[in-house]
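Chemist: What follows is the file run.cif, containing mmCIF, C-alpha atoms:
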```
data_structure
#
loop_
_atom_site.group_PDB
_atom_site.id
_atom_site.type_symbol
_atom_site.label_atom_id
_atom_site.label_comp_id
_atom_site.auth_asym_id
_atom_site.auth_seq_id
_atom_site.Cartn_x
_atom_site.Cartn_y
_atom_site.Cartn_z
ATOM 1 C CA MET A 20 29.250 157.849 -49.131
ATOM 2 C CA THR A 21 32.469 156.052 -48.340
ATOM 3 C CA ALA A 22 31.057 152.531 -47.934
ATOM 4 C CA PRO A 23 29.600 152.176 -51.472
ATOM 5 C CA VAL A 24 32.877 153.298 -52.963
ATOM 6 C CA ILE A 25 34.791 150.695 -50.972
ATOM 7 C CA ALA A 26 32.346 147.981 -51.936
ATOM 8 C CA GLU A 27 32.488 148.908 -55.603
ATOM 9 C CA THR A 28 36.242 148.918 -55.505
ATOM 10 C CA SER A 29 36.342 145.519 -53.871
ATOM 11 C CA VAL A 30 33.977 144.107 -56.463
ATOM 12 C CA GLU A 31 36.057 145.439 -59.292
ATOM 13 C CA THR A 32 39.204 144.053 -57.708
ATOM 14 C CA SER A 33 37.716 140.640 -57.088
ATOM 15 C CA GLY A 34 36.462 140.439 -60.639
ATOM 16 C CA ALA A 35 39.833 141.292 -62.168
ATOM 17 C CA PRO A 36 41.695 138.422 -63.800
ATOM 18 C CA PRO A 37 44.575 136.991 -61.711
ATOM 19 C CA ALA A 38 48.037 138.243 -62.435
ATOM 20 C CA PRO A 39 50.092 135.852 -64.540
ATOM 21 C CA SER A 40 52.471 133.806 -62.426
ATOM 22 C CA ALA A 41 56.178 133.972 -63.057
ATOM 23 C CA PRO A 42 57.587 131.055 -65.042
ATOM 24 C CA ALA A 43 59.157 128.366 -62.894
ATOM 25 C CA PRO A 44 62.944 128.529 -62.944
ATOM 26 C CA VAL A 45 64.609 125.793 -64.894
ATOM 27 C CA SER A 46 66.377 123.411 -62.588
ATOM 28 C CA ALA A 47 70.157 123.563 -62.844
ATOM 29 C CA SER A 48 70.483 119.985 -61.652
ATOM 30 C CA ARG A 49 69.470 118.472 -65.008
ATOM 31 C CA PRO A 50 72.603 119.562 -66.913
ATOM 32 C CA ARG A 51 74.691 118.383 -63.985
ATOM 33 C CA ARG A 52 72.995 115.008 -63.976
ATOM 34 C CA ARG A 53 73.471 114.679 -67.713
ATOM 35 C CA SER A 54 77.155 115.591 -67.449
ATOM 36 C CA ARG A 55 77.595 113.093 -64.632
ATOM 37 C CA ALA A 56 75.867 110.405 -66.667
ATOM 38 C CA TRP A 57 78.032 111.080 -69.698
ATOM 39 C CA GLY A 58 81.108 111.071 -67.479
ATOM 40 C CA LEU A 59 80.126 107.690 -66.077
ATOM 41 C CA TYR A 60 79.490 106.292 -69.556
ATOM 42 C CA LEU A 61 82.872 107.565 -70.690
ATOM 43 C CA ALA A 62 84.543 105.953 -67.675
ATOM 44 C CA PHE A 63 82.941 102.602 -68.474
ATOM 45 C CA ALA A 64 84.008 102.963 -72.116
ATOM 46 C CA VAL A 65 87.641 103.643 -71.184
ATOM 47 C CA VAL A 66 87.802 100.671 -68.816
ATOM 48 C CA ALA A 67 86.074 98.453 -71.396
ATOM 49 C CA VAL A 68 88.606 99.400 -74.064
ATOM 50 C CA ALA A 69 91.488 98.687 -71.679
ATOM 51 C CA VAL A 70 90.000 95.278 -70.858
ATOM 52 C CA LEU A 71 89.604 94.487 -74.555
ATOM 53 C CA TRP A 72 93.239 95.447 -75.076
ATOM 54 C CA ALA A 73 94.206 92.928 -72.423
ATOM 55 C CA VAL A 74 91.932 90.154 -73.729
ATOM 56 C CA ILE A 75 92.362 90.492 -77.514
ATOM 57 C CA PRO A 76 95.390 92.735 -78.122
ATOM 58 C CA GLY A 77 95.979 91.314 -81.602
ATOM 59 C CA VAL A 78 92.741 92.849 -82.872
ATOM 60 C CA PHE A 79 93.855 96.386 -81.972
ATOM 61 C CA ALA A 80 97.596 95.976 -82.648
ATOM 62 C CA PRO A 81 98.335 92.944 -84.848
ATOM 63 C CA GLY A 82 102.102 93.533 -85.011
ATOM 64 C CA ASP A 83 104.786 92.113 -82.760
ATOM 65 C CA PRO A 84 105.385 94.534 -79.855
ATOM 66 C CA LEU A 85 108.913 93.217 -79.260
ATOM 67 C CA THR A 86 110.358 93.770 -82.720
ATOM 68 C CA GLY A 87 110.760 96.985 -84.664
ATOM 69 C CA VAL A 88 112.300 98.583 -87.714
ATOM 70 C CA PRO A 89 115.504 100.465 -86.827
ATOM 71 C CA ALA A 90 115.020 102.812 -89.767
ATOM 72 C CA ASP A 91 111.698 103.981 -88.254
ATOM 73 C CA LYS A 92 113.030 104.861 -84.816
ATOM 74 C CA LEU A 93 111.688 107.887 -82.894
ATOM 75 C CA LEU A 94 108.982 108.714 -85.414
ATOM 76 C CA PRO A 95 106.318 111.137 -84.099
ATOM 77 C CA PRO A 96 102.632 110.139 -83.880
ATOM 78 C CA SER A 97 101.062 109.736 -87.307
ATOM 79 C CA ALA A 98 98.412 107.744 -89.152
ATOM 80 C CA ALA A 99 100.846 104.839 -89.542
ATOM 81 C CA HIS A 100 101.979 104.920 -85.904
ATOM 82 C CA TRP A 101 99.321 106.431 -83.657
ATOM 83 C CA PHE A 102 101.650 106.807 -80.672
ATOM 84 C CA GLY A 103 104.863 107.098 -82.671
ATOM 85 C CA THR A 104 107.820 104.733 -82.405
ATOM 86 C CA ASP A 105 110.498 104.212 -79.766
ATOM 87 C CA ALA A 106 114.292 104.203 -80.026
ATOM 88 C CA LEU A 107 114.283 100.706 -81.574
ATOM 89 C CA GLY A 108 111.620 101.445 -84.159
ATOM 90 C CA ARG A 109 108.852 99.571 -82.310
ATOM 91 C CA ASP A 110 105.286 100.827 -82.620
ATOM 92 C CA LEU A 111 104.439 102.458 -79.298
ATOM 93 C CA PHE A 112 100.685 102.030 -79.637
ATOM 94 C CA GLY A 113 101.134 98.300 -80.143
ATOM 95 C CA ARG A 114 103.337 98.097 -77.064
ATOM 96 C CA VAL A 115 100.765 99.999 -75.005
ATOM 97 C CA VAL A 116 97.985 97.683 -76.198
ATOM 98 C CA HIS A 117 99.961 94.515 -75.512
ATOM 99 C CA GLY A 118 101.118 95.925 -72.175
ATOM 100 C CA ALA A 119 97.547 96.226 -70.922
ATOM 101 C CA VAL A 120 97.448 92.534 -70.047
ATOM 102 C CA HIS A 121 100.413 92.915 -67.675
ATOM 103 C CA SER A 122 99.142 96.034 -65.929
ATOM 104 C CA LEU A 123 95.490 94.988 -65.663
ATOM 105 C CA SER A 124 96.218 91.402 -64.625
ATOM 106 C CA GLY A 125 98.638 92.697 -62.007
ATOM 107 C CA ALA A 126 95.998 95.097 -60.705
ATOM 108 C CA LEU A 127 93.434 92.285 -60.611
ATOM 109 C CA ILE A 128 95.813 90.091 -58.587
ATOM 110 C CA ALA A 129 96.527 92.964 -56.211
ATOM 111 C CA VAL A 130 92.832 93.678 -55.632
ATOM 112 C CA THR A 131 92.112 89.975 -55.141
ATOM 113 C CA VAL A 132 94.846 89.627 -52.523
ATOM 114 C CA GLY A 133 93.779 92.740 -50.643
ATOM 115 C CA LEU A 134 90.083 91.880 -50.892
ATOM 116 C CA ALA A 135 90.472 88.295 -49.703
ATOM 117 C CA LEU A 136 92.820 88.924 -46.780
ATOM 118 C CA GLY A 137 91.302 92.243 -45.734
ATOM 119 C CA THR A 138 87.723 90.983 -45.874
ATOM 120 C CA LEU A 139 88.660 87.921 -43.831
ATOM 121 C CA LEU A 140 90.420 89.952 -41.143
ATOM 122 C CA GLY A 141 87.673 92.562 -40.982
ATOM 123 C CA ALA A 142 84.869 89.994 -40.824
ATOM 124 C CA VAL A 143 86.539 88.043 -38.029
ATOM 125 C CA ALA A 144 87.292 91.198 -36.042
ATOM 126 C CA GLY A 145 83.839 92.694 -36.463
ATOM 127 C CA ALA A 146 81.969 89.463 -35.805
ATOM 128 C CA THR A 147 83.860 88.237 -32.734
ATOM 129 C CA GLY A 148 84.835 91.484 -30.995
ATOM 130 C CA GLY A 149 86.689 91.495 -27.698
ATOM 131 C CA VAL A 150 90.328 90.522 -27.553
ATOM 132 C CA VAL A 151 90.379 89.121 -31.093
ATOM 133 C CA ASP A 152 89.084 92.417 -32.443
ATOM 134 C CA ASP A 153 91.695 94.396 -30.522
ATOM 135 C CA VAL A 154 94.594 92.213 -31.665
ATOM 136 C CA LEU A 155 93.574 92.192 -35.338
ATOM 137 C CA MET A 156 92.928 95.933 -35.417
ATOM 138 C CA ARG A 157 96.324 96.665 -33.866
ATOM 139 C CA ILE A 158 97.905 94.651 -36.680
ATOM 140 C CA VAL A 159 95.886 96.677 -39.173
ATOM 141 C CA ASP A 160 97.041 99.901 -37.495
ATOM 142 C CA VAL A 161 100.663 98.828 -37.927
ATOM 143 C CA LEU A 162 100.037 98.193 -41.634
ATOM 144 C CA LEU A 163 98.422 101.616 -41.981
ATOM 145 C CA ALA A 164 101.402 103.273 -40.311
ATOM 146 C CA ILE A 165 103.770 101.972 -43.016
ATOM 147 C CA PRO A 166 103.707 103.890 -46.330
ATOM 148 C CA GLY A 167 102.274 101.781 -49.112
ATOM 149 C CA LEU A 168 105.236 102.171 -51.467
ATOM 150 C CA LEU A 169 107.718 101.282 -48.717
ATOM 151 C CA LEU A 170 105.704 98.186 -47.786
ATOM 152 C CA SER A 171 105.506 97.134 -51.428
ATOM 153 C CA LEU A 172 109.231 97.552 -51.926
ATOM 154 C CA SER A 173 109.926 95.499 -48.787
ATOM 155 C CA VAL A 174 107.726 92.660 -50.023
ATOM 156 C CA ILE A 175 109.278 92.758 -53.502
ATOM 157 C CA ILE A 176 112.752 92.477 -51.999
ATOM 158 C CA LEU A 177 111.616 89.306 -50.216
ATOM 159 C CA LEU A 178 109.710 87.800 -53.164
ATOM 160 C CA GLY A 179 111.811 89.037 -56.084
ATOM 161 C CA PHE A 180 111.082 91.148 -59.143
ATOM 162 C CA GLY A 181 108.274 90.559 -61.613
ATOM 163 C CA THR A 182 104.710 91.644 -62.324
ATOM 164 C CA VAL A 183 103.099 88.952 -60.160
ATOM 165 C CA ASN A 184 105.345 89.669 -57.191
ATOM 166 C CA ALA A 185 104.727 93.392 -57.576
ATOM 167 C CA ALA A 186 100.977 92.726 -57.660
ATOM 168 C CA ILE A 187 101.166 90.642 -54.479
ATOM 169 C CA ALA A 188 103.158 93.398 -52.801
ATOM 170 C CA VAL A 189 100.605 96.027 -53.780
ATOM 171 C CA GLY A 190 97.779 93.756 -52.644
ATOM 172 C CA LEU A 191 99.342 93.280 -49.206
ATOM 173 C CA GLY A 192 99.586 97.043 -48.904
ATOM 174 C CA SER A 193 95.812 97.363 -49.414
ATOM 175 C CA VAL A 194 94.815 94.731 -46.841
ATOM 176 C CA ALA A 195 94.470 97.310 -44.061
ATOM 177 C CA ALA A 196 91.959 99.449 -45.983
ATOM 178 C CA PHE A 197 89.723 96.463 -46.742
ATOM 179 C CA ALA A 198 89.994 95.162 -43.172
ATOM 180 C CA ARG A 199 88.972 98.435 -41.528
ATOM 181 C CA LEU A 200 86.007 98.974 -43.824
ATOM 182 C CA MET A 201 84.825 95.381 -43.501
ATOM 183 C CA ARG A 202 85.108 95.472 -39.733
ATOM 184 C CA ALA A 203 83.069 98.697 -39.568
ATOM 185 C CA GLU A 204 80.360 97.332 -41.868
ATOM 186 C CA VAL A 205 80.067 94.023 -40.000
ATOM 187 C CA ALA A 206 79.832 95.853 -36.681
ATOM 188 C CA ARG A 207 77.109 98.127 -38.109
ATOM 189 C CA VAL A 208 75.041 95.296 -39.577
ATOM 190 C CA ARG A 209 75.290 93.255 -36.373
ATOM 191 C CA ARG A 210 73.394 95.972 -34.479
ATOM 192 C CA THR A 211 70.419 96.011 -36.855
ATOM 193 C CA GLU A 212 67.024 94.673 -35.845
ATOM 194 C CA TYR A 213 66.759 91.928 -38.437
ATOM 195 C CA VAL A 214 70.046 90.399 -37.274
ATOM 196 C CA GLU A 215 68.837 90.430 -33.679
ATOM 197 C CA ALA A 216 65.602 88.854 -34.858
ATOM 198 C CA ALA A 217 67.571 86.152 -36.662
ATOM 199 C CA TYR A 218 69.425 85.359 -33.451
ATOM 200 C CA GLY A 219 66.146 85.404 -31.531
ATOM 201 C CA SER A 220 64.575 82.918 -33.930
ATOM 202 C CA GLY A 221 67.297 80.387 -33.166
ATOM 203 C CA GLY A 222 69.891 81.184 -35.819
ATOM 204 C CA THR A 223 73.450 80.145 -35.079
ATOM 205 C CA PHE A 224 76.383 82.540 -35.212
ATOM 206 C CA VAL A 225 77.800 81.123 -38.442
ATOM 207 C CA ALA A 226 74.399 80.942 -40.156
ATOM 208 C CA VAL A 227 73.454 84.518 -39.277
ATOM 209 C CA LEU A 228 76.886 85.744 -40.314
ATOM 210 C CA ARG A 229 76.672 83.970 -43.660
ATOM 211 C CA ARG A 230 73.053 84.725 -44.528
ATOM 212 C CA HIS A 231 72.489 88.202 -43.123
ATOM 213 C CA VAL A 232 75.659 89.992 -42.015
ATOM 214 C CA LEU A 233 78.116 89.360 -44.828
ATOM 215 C CA PRO A 234 75.740 89.929 -47.799
ATOM 216 C CA ASN A 235 74.661 93.297 -46.372
ATOM 217 C CA ALA A 236 78.217 94.351 -45.542
ATOM 218 C CA LEU A 237 79.860 93.609 -48.911
ATOM 219 C CA THR A 238 78.402 96.445 -50.997
ATOM 220 C CA PRO A 239 80.845 99.130 -49.754
ATOM 221 C CA ILE A 240 83.644 96.588 -50.104
ATOM 222 C CA ILE A 241 82.860 96.225 -53.811
ATOM 223 C CA ALA A 242 83.053 100.000 -54.249
ATOM 224 C CA LEU A 243 86.408 100.020 -52.453
ATOM 225 C CA ALA A 244 87.631 97.189 -54.695
ATOM 226 C CA ALA A 245 86.832 99.274 -57.782
ATOM 227 C CA LEU A 246 88.737 102.188 -56.267
ATOM 228 C CA GLN A 247 91.668 99.952 -55.352
ATOM 229 C CA PHE A 248 91.752 98.622 -58.909
ATOM 230 C CA GLY A 249 92.715 102.039 -60.230
ATOM 231 C CA THR A 250 95.098 102.589 -57.342
ATOM 232 C CA ALA A 251 96.716 99.213 -58.010
ATOM 233 C CA ILE A 252 97.286 100.091 -61.675
ATOM 234 C CA LEU A 253 99.026 103.281 -60.604
ATOM 235 C CA ALA A 254 101.086 101.477 -57.944
ATOM 236 C CA ILE A 255 102.168 98.683 -60.294
ATOM 237 C CA SER A 256 103.090 101.245 -62.952
ATOM 238 C CA THR A 257 105.131 103.086 -60.334
ATOM 239 C CA LEU A 258 106.998 99.916 -59.390
ATOM 240 C CA GLY A 259 107.551 99.158 -63.069
ATOM 241 C CA PHE A 260 108.887 102.679 -63.593
ATOM 242 C CA LEU A 261 111.348 102.134 -60.741
ATOM 243 C CA GLY A 262 112.486 98.835 -62.262
ATOM 244 C CA TYR A 263 110.836 96.468 -59.781
ATOM 245 C CA GLY A 264 108.140 95.173 -62.124
ATOM 246 C CA ALA A 265 108.328 93.278 -65.388
ATOM 247 C CA PRO A 266 111.813 93.069 -66.939
ATOM 248 C CA PRO A 267 112.493 94.603 -70.353
ATOM 249 C CA PRO A 268 111.512 94.239 -73.153
ATOM 250 C CA THR A 269 108.109 93.399 -71.637
ATOM 251 C CA PRO A 270 105.655 96.124 -72.718
ATOM 252 C CA GLU A 271 104.394 97.023 -69.238
ATOM 253 C CA TRP A 272 102.942 100.529 -68.862
ATOM 254 C CA GLY A 273 105.259 101.724 -66.113
ATOM 255 C CA LEU A 274 108.286 100.314 -67.903
ATOM 256 C CA LEU A 275 107.253 102.044 -71.145
ATOM 257 C CA ILE A 276 107.194 105.388 -69.348
ATOM 258 C CA ALA A 277 110.580 104.673 -67.808
ATOM 259 C CA GLU A 278 112.125 103.750 -71.168
ATOM 260 C CA GLY A 279 111.040 107.051 -72.698
ATOM 261 C CA ARG A 280 112.265 109.364 -69.944
ATOM 262 C CA ASN A 281 115.684 109.698 -71.601
ATOM 263 C CA TYR A 282 114.036 111.079 -74.741
ATOM 264 C CA ILE A 283 111.679 113.645 -73.225
ATOM 265 C CA ALA A 284 113.361 116.556 -74.982
ATOM 266 C CA THR A 285 113.353 114.933 -78.442
ATOM 267 C CA ALA A 286 110.530 112.346 -78.301
ATOM 268 C CA TRP A 287 107.930 113.498 -75.786
ATOM 269 C CA TRP A 288 105.364 110.933 -76.943
ATOM 270 C CA LEU A 289 107.357 108.054 -75.443
ATOM 271 C CA THR A 290 106.387 109.139 -71.924
ATOM 272 C CA ALA A 291 103.383 111.401 -72.450
ATOM 273 C CA LEU A 292 101.096 109.030 -74.355
ATOM 274 C CA PRO A 293 101.546 105.918 -72.178
ATOM 275 C CA GLY A 294 101.212 108.193 -69.145
ATOM 276 C CA LEU A 295 97.932 109.577 -70.466
ATOM 277 C CA VAL A 296 96.637 106.036 -70.932
ATOM 278 C CA VAL A 297 97.464 105.203 -67.308
ATOM 279 C CA VAL A 298 95.833 108.417 -66.088
ATOM 280 C CA ALA A 299 92.683 107.791 -68.153
ATOM 281 C CA VAL A 300 92.237 104.231 -66.878
ATOM 282 C CA VAL A 301 92.910 105.197 -63.246
ATOM 283 C CA LEU A 302 90.519 108.158 -63.325
ATOM 284 C CA SER A 303 87.848 106.040 -65.002
ATOM 285 C CA ALA A 304 88.149 103.337 -62.352
ATOM 286 C CA ASN A 305 87.895 105.984 -59.638
ATOM 287 C CA ARG A 306 84.792 107.471 -61.275
ATOM 288 C CA ILE A 307 83.107 104.069 -61.361
ATOM 289 C CA SER A 308 84.031 103.397 -57.733
ATOM 290 C CA HIS A 309 82.496 106.715 -56.642
ATOM 291 C CA ARG A 310 79.266 105.820 -58.430
ATOM 292 C CA LEU A 311 79.211 102.430 -56.726
ATOM 293 C CA GLY A 312 79.845 104.129 -53.393
ATOM 294 C CA ARG A 313 76.856 106.445 -53.843
ATOM 295 C CA SER A 314 74.679 103.476 -54.808
ATOM 296 C CA ALA A 315 75.776 101.674 -51.649
ATOM 297 C CA ARG A 316 74.548 104.567 -49.510
#
```
As structure tokens, please, write out the structure in this file.
Modeler:
Amino acid sequence: MTAPVIAETSVETSGAPPAPSAPAPVSASRPRRRSRAWGLYLAFAVVAVAVLWAVIPGVFAPGDPLTGVPADKLLPPSAAHWFGTDALGRDLFGRVVHGAVHSLSGALIAVTVGLALGTLLGAVAGATGGVVDDVLMRIVDVLLAIPGLLLSLSVIILLGFGTVNAAIAVGLGSVAAFARLMRAEVARVRRTEYVEAAYGSGGTFVAVLRRHVLPNALTPIIALAALQFGTAILAISTLGFLGYGAPPPTPEWGLLIAEGRNYIATAWWLTALPGLVVVAVVLSANRISHRLGRSAR
């Protein structure tokens, strides 16, 4: 009597429609990816606007950044003066726009100096090895032991004041970072199989280094250069704030912040708005460098 009941029950169970499956959870990574994409687009837009300011400042601020109207001094931000006016009645937005060429060109010079010297030292050390590697890396260690601001100030004292000299000083301070990364990448690429195969097929040291090692070792260097670009803007602005950069009345970003520090209580926009511009450009450059770094991996 028990067996037929069990069989009937099993038949009824097997014939029952399958239970509806639970809906698949929505992935939480899509909103994150979209936010990251929008953040990257915004970073590119900020850097592009800053570059356009440096290339064609007259389109964004057609007035003269060095002259002002004394009757319009210390006006707050408005439709007529987006960033307000300074103590001499000069339009602050126009001075920020025209100052982009000094800050960005200085950062470009600094990155070029650090990239050229650091890449050369790192490539020679990583490619040759031995005593040459030890000597060059000890020099790099000495540079890393010196604070960047102190090294920049020492170089400026030797070269003199000015935006170009400040850029060279900042660039020399970044040589060690480029050299260490380049040396590590060259040493890594040298141990790969295709490089050994190139040597085995009769390739010379210089030919293999030029065709195989250096092209495959430069991608992280480019990401570091983008990161150093933002760092160089901040360093040059710091030197300009301390009075070691462009002389007044040059509208350099660090100097603009320094000129407004005496009016913080009554005219906050003189320091806050140029400072926000510097922060936005630096953060955007860092965001782009992080994206390049992930692509390199």
Chemist: With the PyMOL selection byres ((chain A and resi 305) around 10) as the selection, what would be picked from this file? Answer as JSON, numbers by chain, please.
Modeler: {"A": [62, 242, 243, 245, 246, 247, 248, 249, 250, 299, 300, 301, 302, 303, 304, 306, 307, 308, 309, 310, 311]}
Chemist: Would you work out the distance separating CA of Ala106 in chain A from CA of Pro293 in chain A, expressed in Å to one decimal?
Modeler: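 Separation between CA of Ala106 in chain A and CA of Pro293 in chain A: 15.1 Å.
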Chemist: Could you tell me how far CA of Asp83 in chain A lies from CA of Glu271 in chain A, in Å and to one decimal?
Modeler: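 According to the coordinates, CA of Asp83 in chain A and CA of Glu271 in chain A are separated by 14.4 Å.
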Chemist: Could you tell me, as a VMD selection string, exactly which residues end up selected when the PyMOL selection byres ((chain A and resi 292) around 10) is applied to this structure?
Modeler: chain A and resid 96 101 to 103 111 to 112 115 275 to 276 287 to 291 293 to 298
Chemist: Using the chain letters and numbers from the file, give me the residues hit by the PyMOL selection byres ((chain A and resi 162) around 10), as a PyMOL selection string.
Modeler: chain A and resi 156-161+163-167+170+191-196
Chemist: May I have the selected residues written with C-alpha atoms, as an mmCIF file, keeping the file's coordinate frame?
Modeler:
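Here's the written file result.cif:
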```
data_model
loop_
_atom_site.group_PDB
_atom_site.id
_atom_site.type_symbol
_atom_site.label_atom_id
_atom_site.label_comp_id
_atom_site.auth_asym_id
_atom_site.auth_seq_id
_atom_site.Cartn_x
_atom_site.Cartn_y
_atom_site.Cartn_z
ATOM 1 C CA MET A 156 92.928 95.933 -35.417
ATOM 2 C CA ARG A 157 96.324 96.665 -33.866
ATOM 3 C CA ILE A 158 97.905 94.651 -36.680
ATOM 4 C CA VAL A 159 95.886 96.677 -39.173
ATOM 5 C CA ASP A 160 97.041 99.901 -37.495
ATOM 6 C CA VAL A 161 100.663 98.828 -37.927
ATOM 7 C CA LEU A 163 98.422 101.616 -41.981
ATOM 8 C CA ALA A 164 101.402 103.273 -40.311
ATOM 9 C CA ILE A 165 103.770 101.972 -43.016
ATOM 10 C CA PRO A 166 103.707 103.890 -46.330
ATOM 11 C CA GLY A 167 102.274 101.781 -49.112
ATOM 12 C CA LEU A 170 105.704 98.186 -47.786
ATOM 13 C CA LEU A 191 99.342 93.280 -49.206
ATOM 14 C CA GLY A 192 99.586 97.043 -48.904
ATOM 15 C CA SER A 193 95.812 97.363 -49.414
ATOM 16 C CA VAL A 194 94.815 94.731 -46.841
ATOM 17 C CA ALA A 195 94.470 97.310 -44.061
ATOM 18 C CA ALA A 196 91.959 99.449 -45.983
#
```
Chemist: Calculated over all atoms listed in the file, which of the candidates A:Val232, A:Leu93, A:Val74, A:Ala265 has the smallest distance to Ala206 in chain A?
Modeler: A:Val232
Chemist: Identify, on the basis of all atoms listed in the file, every residue whose closest approach to Pro84 in chain A does not exceed 7 Å; exclude the query and any residue fewer than 6 positions from it along the same chain; express the result as a list in words.
Modeler: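 Near Pro84 in chain A, the qualifying residues are Arg109, Asp110, Gly113, Arg114 and His117 of chain A.
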Chemist: Would it be fine to have range 278-284 of chain A, with all heavy atoms, given as a compact mmCIF listing (two decimals), in the first residue's frame?
Modeler:
```txt
# COMPACT_ATOMS: atom_id res chain seq x y z
N GLU A 278 49.13 87.46 -3.50
CA GLU A 278 48.71 88.86 -3.47
C GLU A 278 47.39 89.05 -2.72
O GLU A 278 47.14 90.13 -2.18
CB GLU A 278 48.59 89.40 -4.90
CG GLU A 278 49.91 89.57 -5.61
CD GLU A 278 49.74 90.00 -7.06
OE1 GLU A 278 48.59 89.94 -7.56
OE2 GLU A 278 50.74 90.41 -7.68
N GLY A 279 46.55 88.02 -2.70
CA GLY A 279 45.26 88.16 -2.03
C GLY A 279 45.24 87.73 -0.59
O GLY A 279 44.19 87.86 0.06
N ARG A 280 46.37 87.25 -0.05
CA ARG A 280 46.34 86.76 1.33
C ARG A 280 46.16 87.87 2.34
O ARG A 280 45.74 87.62 3.47
CB ARG A 280 47.63 85.99 1.62
CG ARG A 280 48.89 86.82 1.47
CD ARG A 280 50.13 85.98 1.65
NE ARG A 280 51.34 86.72 1.31
CZ ARG A 280 52.56 86.20 1.37
NH1 ARG A 280 52.72 84.95 1.76
NH2 ARG A 280 53.61 86.94 1.05
N ASN A 281 46.50 89.11 1.97
CA ASN A 281 46.31 90.23 2.91
C ASN A 281 44.87 90.71 2.96
O ASN A 281 44.54 91.57 3.78
CB ASN A 281 47.22 91.40 2.51
CG ASN A 281 48.69 91.06 2.62
OD1 ASN A 281 49.09 90.28 3.50
ND2 ASN A 281 49.51 91.62 1.74
N TYR A 282 44.02 90.17 2.08
CA TYR A 282 42.63 90.61 2.02
C TYR A 282 41.67 89.46 2.27
O TYR A 282 40.52 89.50 1.82
CB TYR A 282 42.32 91.23 0.65
CG TYR A 282 43.21 92.38 0.27
CD1 TYR A 282 44.38 92.16 -0.47
CD2 TYR A 282 42.90 93.68 0.65
CE1 TYR A 282 45.20 93.21 -0.82
CE2 TYR A 282 43.72 94.74 0.29
CZ TYR A 282 44.88 94.50 -0.44
OH TYR A 282 45.70 95.55 -0.79
N ILE A 283 42.13 88.44 2.99
CA ILE A 283 41.27 87.27 3.20
C ILE A 283 40.01 87.63 3.98
O ILE A 283 38.91 87.14 3.69
CB ILE A 283 42.07 86.18 3.95
CG1 ILE A 283 43.19 85.65 3.05
CG2 ILE A 283 41.16 85.04 4.38
CD1 ILE A 283 44.03 84.59 3.70
N ALA A 284 40.13 88.51 4.94
CA ALA A 284 38.98 88.86 5.78
C ALA A 284 37.95 89.69 5.02
O ALA A 284 36.75 89.60 5.29
CB ALA A 284 39.44 89.60 7.03
```
